[in-house]
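Asks: As input, take work_35.cif (mmCIF, C-alpha atoms):
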```
data_entry
#
loop_
_atom_site.group_PDB
_atom_site.id
_atom_site.type_symbol
_atom_site.label_atom_id
_atom_site.label_comp_id
_atom_site.auth_asym_id
_atom_site.auth_seq_id
_atom_site.Cartn_x
_atom_site.Cartn_y
_atom_site.Cartn_z
ATOM 1 C CA LEU A 103 -110.706 -132.366 -82.327
ATOM 2 C CA GLU A 104 -109.868 -136.039 -82.558
ATOM 3 C CA ALA A 105 -106.793 -135.251 -84.670
ATOM 4 C CA ASN A 106 -105.641 -132.725 -82.048
ATOM 5 C CA LEU A 107 -106.014 -135.245 -79.250
ATOM 6 C CA ARG A 108 -104.129 -137.937 -81.200
ATOM 7 C CA SER A 109 -101.254 -135.611 -82.077
ATOM 8 C CA GLY A 110 -101.034 -133.873 -78.689
ATOM 9 C CA SER A 111 -101.481 -130.475 -80.318
ATOM 10 C CA PHE A 112 -103.692 -127.513 -79.482
ATOM 11 C CA PHE A 113 -105.317 -124.693 -81.433
ATOM 12 C CA ILE A 114 -104.724 -121.348 -79.790
ATOM 13 C CA VAL A 115 -107.085 -118.635 -81.017
ATOM 14 C CA ALA A 116 -105.051 -115.518 -81.772
ATOM 15 C CA ALA A 117 -108.025 -113.473 -83.007
ATOM 16 C CA SER A 118 -111.578 -113.993 -84.139
ATOM 17 C CA ALA A 119 -114.538 -112.119 -85.540
ATOM 18 C CA VAL A 120 -118.123 -113.277 -85.140
ATOM 19 C CA ARG A 121 -121.143 -112.131 -87.104
ATOM 20 C CA PHE A 122 -124.524 -113.159 -85.752
ATOM 21 C CA ARG A 123 -127.374 -113.188 -88.286
ATOM 22 C CA ARG A 124 -130.118 -114.904 -86.302
ATOM 23 C CA GLU A 125 -130.721 -115.868 -82.705
ATOM 24 C CA ILE A 126 -129.358 -119.195 -81.520
ATOM 25 C CA ALA A 127 -131.772 -120.066 -78.725
ATOM 26 C CA PRO A 128 -130.601 -122.187 -75.770
ATOM 27 C CA LEU A 129 -130.782 -125.911 -76.544
ATOM 28 C CA LYS A 130 -131.589 -125.213 -80.197
ATOM 29 C CA LYS A 131 -130.013 -127.735 -82.570
ATOM 30 C CA PHE A 132 -127.617 -126.359 -85.162
ATOM 31 C CA GLU A 133 -124.856 -127.584 -87.439
ATOM 32 C CA ILE A 134 -121.369 -126.120 -87.806
ATOM 33 C CA GLU A 135 -119.538 -126.205 -91.121
ATOM 34 C CA THR A 136 -115.786 -125.652 -90.670
ATOM 35 C CA ARG A 137 -113.284 -124.839 -93.404
ATOM 36 C CA VAL A 138 -109.581 -124.278 -93.163
ATOM 37 C CA GLY A 139 -109.357 -121.168 -95.282
ATOM 38 C CA SER A 140 -105.661 -120.470 -95.565
ATOM 39 C CA ILE A 141 -102.353 -121.205 -93.884
ATOM 40 C CA ASP A 142 -98.911 -119.678 -93.825
ATOM 41 C CA ASP A 143 -95.749 -120.574 -91.921
ATOM 42 C CA ARG A 144 -97.330 -119.679 -88.579
ATOM 43 C CA ASN A 145 -101.075 -119.057 -88.839
ATOM 44 C CA CYS A 146 -104.157 -120.979 -89.787
ATOM 45 C CA TRP A 147 -107.328 -119.112 -90.831
ATOM 46 C CA ILE A 148 -110.526 -120.992 -90.110
ATOM 47 C CA TYR A 149 -114.009 -120.068 -91.317
ATOM 48 C CA GLN A 150 -117.067 -121.522 -89.574
ATOM 49 C CA THR A 151 -120.726 -121.195 -90.462
ATOM 50 C CA PHE A 152 -123.484 -122.067 -87.995
ATOM 51 C CA HIS A 153 -126.701 -123.298 -89.691
ATOM 52 C CA ASN A 154 -130.139 -124.312 -88.460
ATOM 53 C CA ALA A 155 -130.163 -128.084 -88.156
ATOM 54 C CA GLY A 156 -132.039 -129.899 -90.868
ATOM 55 C CA ARG A 157 -132.945 -128.914 -94.362
ATOM 56 C CA THR A 158 -134.292 -125.712 -95.887
ATOM 57 C CA SER A 159 -137.343 -127.445 -97.341
ATOM 58 C CA VAL A 160 -139.527 -129.801 -95.325
ATOM 59 C CA ALA A 161 -141.243 -130.928 -98.541
ATOM 60 C CA ASP A 162 -137.964 -132.055 -100.102
ATOM 61 C CA ASN A 163 -136.501 -134.729 -97.820
ATOM 62 C CA ASN A 164 -133.718 -135.420 -100.347
ATOM 63 C CA SER A 165 -132.359 -131.875 -100.204
ATOM 64 C CA ASP A 166 -128.661 -131.567 -99.341
ATOM 65 C CA GLU A 167 -129.004 -127.878 -98.524
ATOM 66 C CA ARG A 168 -128.360 -126.685 -94.999
ATOM 67 C CA GLY A 169 -130.728 -124.544 -92.970
ATOM 68 C CA LYS A 170 -130.437 -120.771 -92.743
ATOM 69 C CA VAL A 171 -127.166 -119.228 -91.578
ATOM 70 C CA LEU A 172 -127.253 -118.321 -87.886
ATOM 71 C CA ALA A 173 -123.704 -117.041 -87.416
ATOM 72 C CA GLN A 174 -120.327 -116.822 -89.123
ATOM 73 C CA VAL A 175 -116.935 -116.986 -87.409
ATOM 74 C CA PHE A 176 -113.538 -116.136 -88.879
ATOM 75 C CA THR A 177 -110.574 -117.158 -86.720
ATOM 76 C CA ARG A 178 -106.809 -116.818 -86.912
ATOM 77 C CA ALA A 179 -105.136 -119.498 -84.860
ATOM 78 C CA VAL A 180 -101.746 -120.991 -84.216
ATOM 79 C CA ILE A 181 -101.135 -124.653 -83.507
ATOM 80 C CA THR A 182 -98.938 -125.641 -80.599
ATOM 81 C CA LYS A 183 -97.332 -128.918 -79.671
ATOM 82 C CA LYS A 184 -95.376 -129.402 -76.451
ATOM 83 C CA GLY A 185 -95.726 -125.662 -75.801
ATOM 84 C CA LYS A 186 -94.174 -124.526 -79.099
ATOM 85 C CA VAL A 187 -95.881 -123.076 -82.174
ATOM 86 C CA ILE A 188 -95.659 -125.463 -85.125
ATOM 87 C CA GLN A 189 -96.290 -124.902 -88.818
ATOM 88 C CA PRO A 190 -99.927 -125.584 -89.714
ATOM 89 C CA ARG A 191 -98.922 -127.402 -92.890
ATOM 90 C CA SER A 192 -96.885 -130.007 -90.990
ATOM 91 C CA TRP A 193 -99.787 -130.559 -88.583
ATOM 92 C CA LEU A 194 -102.273 -130.963 -91.442
ATOM 93 C CA GLU A 195 -99.996 -133.399 -93.263
ATOM 94 C CA ASP A 196 -99.431 -135.432 -90.083
ATOM 95 C CA CYS A 197 -103.107 -135.593 -89.159
ATOM 96 C CA PHE A 198 -104.496 -136.000 -92.680
ATOM 97 C CA PRO A 199 -101.798 -137.793 -94.722
ATOM 98 C CA GLY A 200 -102.133 -138.087 -98.479
ATOM 99 C CA ASP A 201 -104.495 -135.131 -98.894
ATOM 100 C CA ALA A 202 -103.115 -132.971 -101.717
ATOM 101 C CA THR A 203 -105.594 -130.129 -101.130
ATOM 102 C CA TRP A 204 -103.332 -128.468 -98.535
ATOM 103 C CA ASP A 205 -101.290 -127.001 -101.407
ATOM 104 C CA ASP A 206 -104.314 -124.879 -102.337
ATOM 105 C CA LEU A 207 -104.419 -123.364 -98.847
ATOM 106 C CA TYR A 208 -100.780 -122.454 -98.456
ATOM 107 C CA THR A 209 -99.980 -118.767 -98.768
ATOM 108 C CA THR A 210 -96.388 -117.647 -99.086
ATOM 109 C CA SER A 211 -94.618 -114.378 -99.727
ATOM 110 C CA ASP A 212 -94.049 -115.675 -103.292
ATOM 111 C CA GLY A 213 -97.613 -114.665 -104.116
ATOM 112 C CA VAL A 214 -99.318 -118.055 -104.046
ATOM 113 C CA GLU A 215 -102.893 -117.214 -103.076
ATOM 114 C CA SER A 216 -106.005 -119.086 -102.027
ATOM 115 C CA GLN A 217 -109.653 -118.141 -102.126
ATOM 116 C CA PHE A 218 -109.485 -116.872 -98.530
ATOM 117 C CA VAL A 219 -106.556 -114.496 -98.923
ATOM 118 C CA GLU A 220 -108.790 -111.432 -99.348
ATOM 119 C CA LYS A 221 -110.813 -112.299 -96.225
ATOM 120 C CA SER A 222 -107.590 -112.927 -94.324
ATOM 121 C CA ALA A 223 -106.176 -109.561 -95.406
ATOM 122 C CA ARG A 224 -109.303 -107.705 -94.309
ATOM 123 C CA PHE A 225 -109.283 -109.576 -91.031
ATOM 124 C CA MET A 226 -105.636 -108.637 -90.427
ATOM 125 C CA ASP A 227 -106.452 -104.993 -91.252
ATOM 126 C CA LEU A 228 -109.149 -105.092 -88.575
ATOM 127 C CA GLU A 229 -106.712 -106.677 -86.111
ATOM 128 C CA ASP A 230 -104.149 -103.940 -86.832
ATOM 129 C CA ALA A 231 -106.746 -101.199 -86.331
ATOM 130 C CA LEU A 232 -107.838 -102.680 -83.008
ATOM 131 C CA ARG A 233 -104.233 -103.146 -81.880
ATOM 132 C CA THR A 234 -103.430 -99.514 -82.768
ATOM 133 C CA SER A 235 -106.529 -98.275 -80.954
ATOM 134 C CA ALA A 236 -105.624 -100.249 -77.831
ATOM 135 C CA ALA A 237 -102.031 -98.978 -77.922
ATOM 136 C CA LEU A 238 -103.201 -95.363 -78.192
ATOM 137 C CA ARG A 239 -105.564 -95.871 -75.297
ATOM 138 C CA ASP A 240 -102.813 -97.533 -73.223
ATOM 139 C CA ASP A 241 -100.402 -94.661 -73.989
ATOM 140 C CA LYS A 242 -102.943 -92.215 -72.569
ATOM 141 C CA GLY A 243 -103.110 -94.219 -69.361
ATOM 142 C CA THR A 244 -106.822 -94.878 -69.847
ATOM 143 C CA LYS A 245 -108.214 -98.070 -68.412
#
```
Please render this file's structure as structure tokens.
Replies:
Amino acid sequence: LEANLRSGSFFIVAASAVRFRREIAPLKKFEIETRVGSIDDRNCWIYQTFHNAGRTSVADNNSDERGKVLAQVFTRAVITKKGKVIQPRSWLEDCFPGDATWDDLYTTSDGVESQFVEKSARFMDLEDALRTSAALRDDKGTK
């Protein structure tokens, strides 16, 4: 968020899928782990996991493990600056200079793949199915 504010850019959610595993009660503390999964020339795929705050074992205060998973979110977003969509890679390089890990995220038509490509493909298949369903419904004049 701080990087967005500094650069004057905004994340626009194009699509998202949420999977709830456990209740997140009002005012309950939780932690969010966010990963940039993959990028291409236009889109950025972000994977977030919501965990119970604290550790999985009260007896082991030195544990680095997170609490149980409460929810998972997979988002496809675009990044805009001054009202225009910009390439995610340029934004990442501007906001986090010198970090060579962005090469591992970049997906091109040349077949360079990252660990999130399969999830991204399934997500896009779901988007296409929903888009087709909505178009069919719209063609019928159903509201």
Asks: What is the distance between atom CA of Ser222 of chain A and atom CA of Arg191 of chain A, in Å to one decimal?
Replies: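 Atom-to-atom, atom CA of Ser222 of chain A and atom CA of Arg191 of chain A are spaced 16.9 Å apart.
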Asks: Rounded to one decimal, what separation in Å do you get between atom CA of Leu228 of chain A and atom CA of Lys242 of chain A?
Replies: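 Between atom CA of Leu228 of chain A and atom CA of Lys242 of chain A the gap works out to 21.5 Å.
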Asks: Go ahead and compute the interatomic distance for atom CA of Asn145 of chain A and atom CA of Glu195 of chain A, in Å to one decimal.
Replies: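 Here the two named atoms are 15.0 Å from each other.
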Asks: Using all atoms listed in the file, can you tell me which of A:Cys146, A:Lys183, A:Phe132, A:Gln174 comes closest to Ala117 of chain A?
Replies: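 Counting all atoms listed in the file, the residue closest to Ala117 of chain A is A:Cys146.
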Asks: Which residues, written as a list in words, have at least one atom at most 10 Å from Arg121 of chain A, with all atoms listed in the file counted and residues fewer than 5 positions away on the same chain left out?
Replies: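 Result of the neighbour search: Thr151, Leu172, Ala173, Gln174, Val175 and Phe176 of chain A.
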Asks: Any idea what's packed within 7 Å of Tyr149 of chain A, counting all atoms listed in the file, ignoring anything in its chain fewer than 6 positions away? Could you give it as a PyMOL selection string?
Replies: chain A and resi 136-139+175-177
Asks: Return the single residue from A:Ser109, A:Ser118, A:Gln150, A:Thr182 that is closest to Met226 of chain A, with distances computed using only C-alpha atoms.
Replies: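 Checking each of A:Ser109, A:Ser118, A:Gln150, A:Thr182 against Met226 of chain A, counting only C-alpha atoms, the winner is A:Ser118.
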Asks: Of the candidates A:Ser140, A:Val187, A:Lys170, A:Ile148, which shows the shortest atom-to-atom distance to Phe122 of chain A, using all atoms listed in the file?
Replies: A:Lys170
Asks: What do you get, as a compact mmCIF listing (two decimals) with C-alpha atoms, in the frame of the given file, if you spell out every residue that the PyMOL selection byres ((chain A and resi 115) around 9) selects here?
Replies:
```txt
# COMPACT_ATOMS: atom_id res chain seq x y z
CA PHE A 113 -105.32 -124.69 -81.43
CA ILE A 114 -104.72 -121.35 -79.79
CA ALA A 116 -105.05 -115.52 -81.77
CA ALA A 117 -108.02 -113.47 -83.01
CA SER A 118 -111.58 -113.99 -84.14
CA THR A 177 -110.57 -117.16 -86.72
CA ARG A 178 -106.81 -116.82 -86.91
CA ALA A 179 -105.14 -119.50 -84.86
CA VAL A 180 -101.75 -120.99 -84.22
CA ILE A 181 -101.14 -124.65 -83.51
```
Asks: Of the candidates A:Glu135, A:Pro190, A:Arg124, A:Ser235, which one gets nearest to Trp147 of chain A if we count all atoms listed in the file?
Replies: A:Pro190
Asks: Would you compute the box with edges along x, y and z of the file around segment 130-137 of chain A, including every atom the file lists for it and 3 Å extra on each side, and give its centre and edge lengths in Å to one decimal, as lines of an AutoDock Vina configuration file?
Replies:
```
center_x = -122.4
center_y = -126.3
center_z = -86.8
size_x = 24.3
size_y = 8.9
size_z = 19.2
```
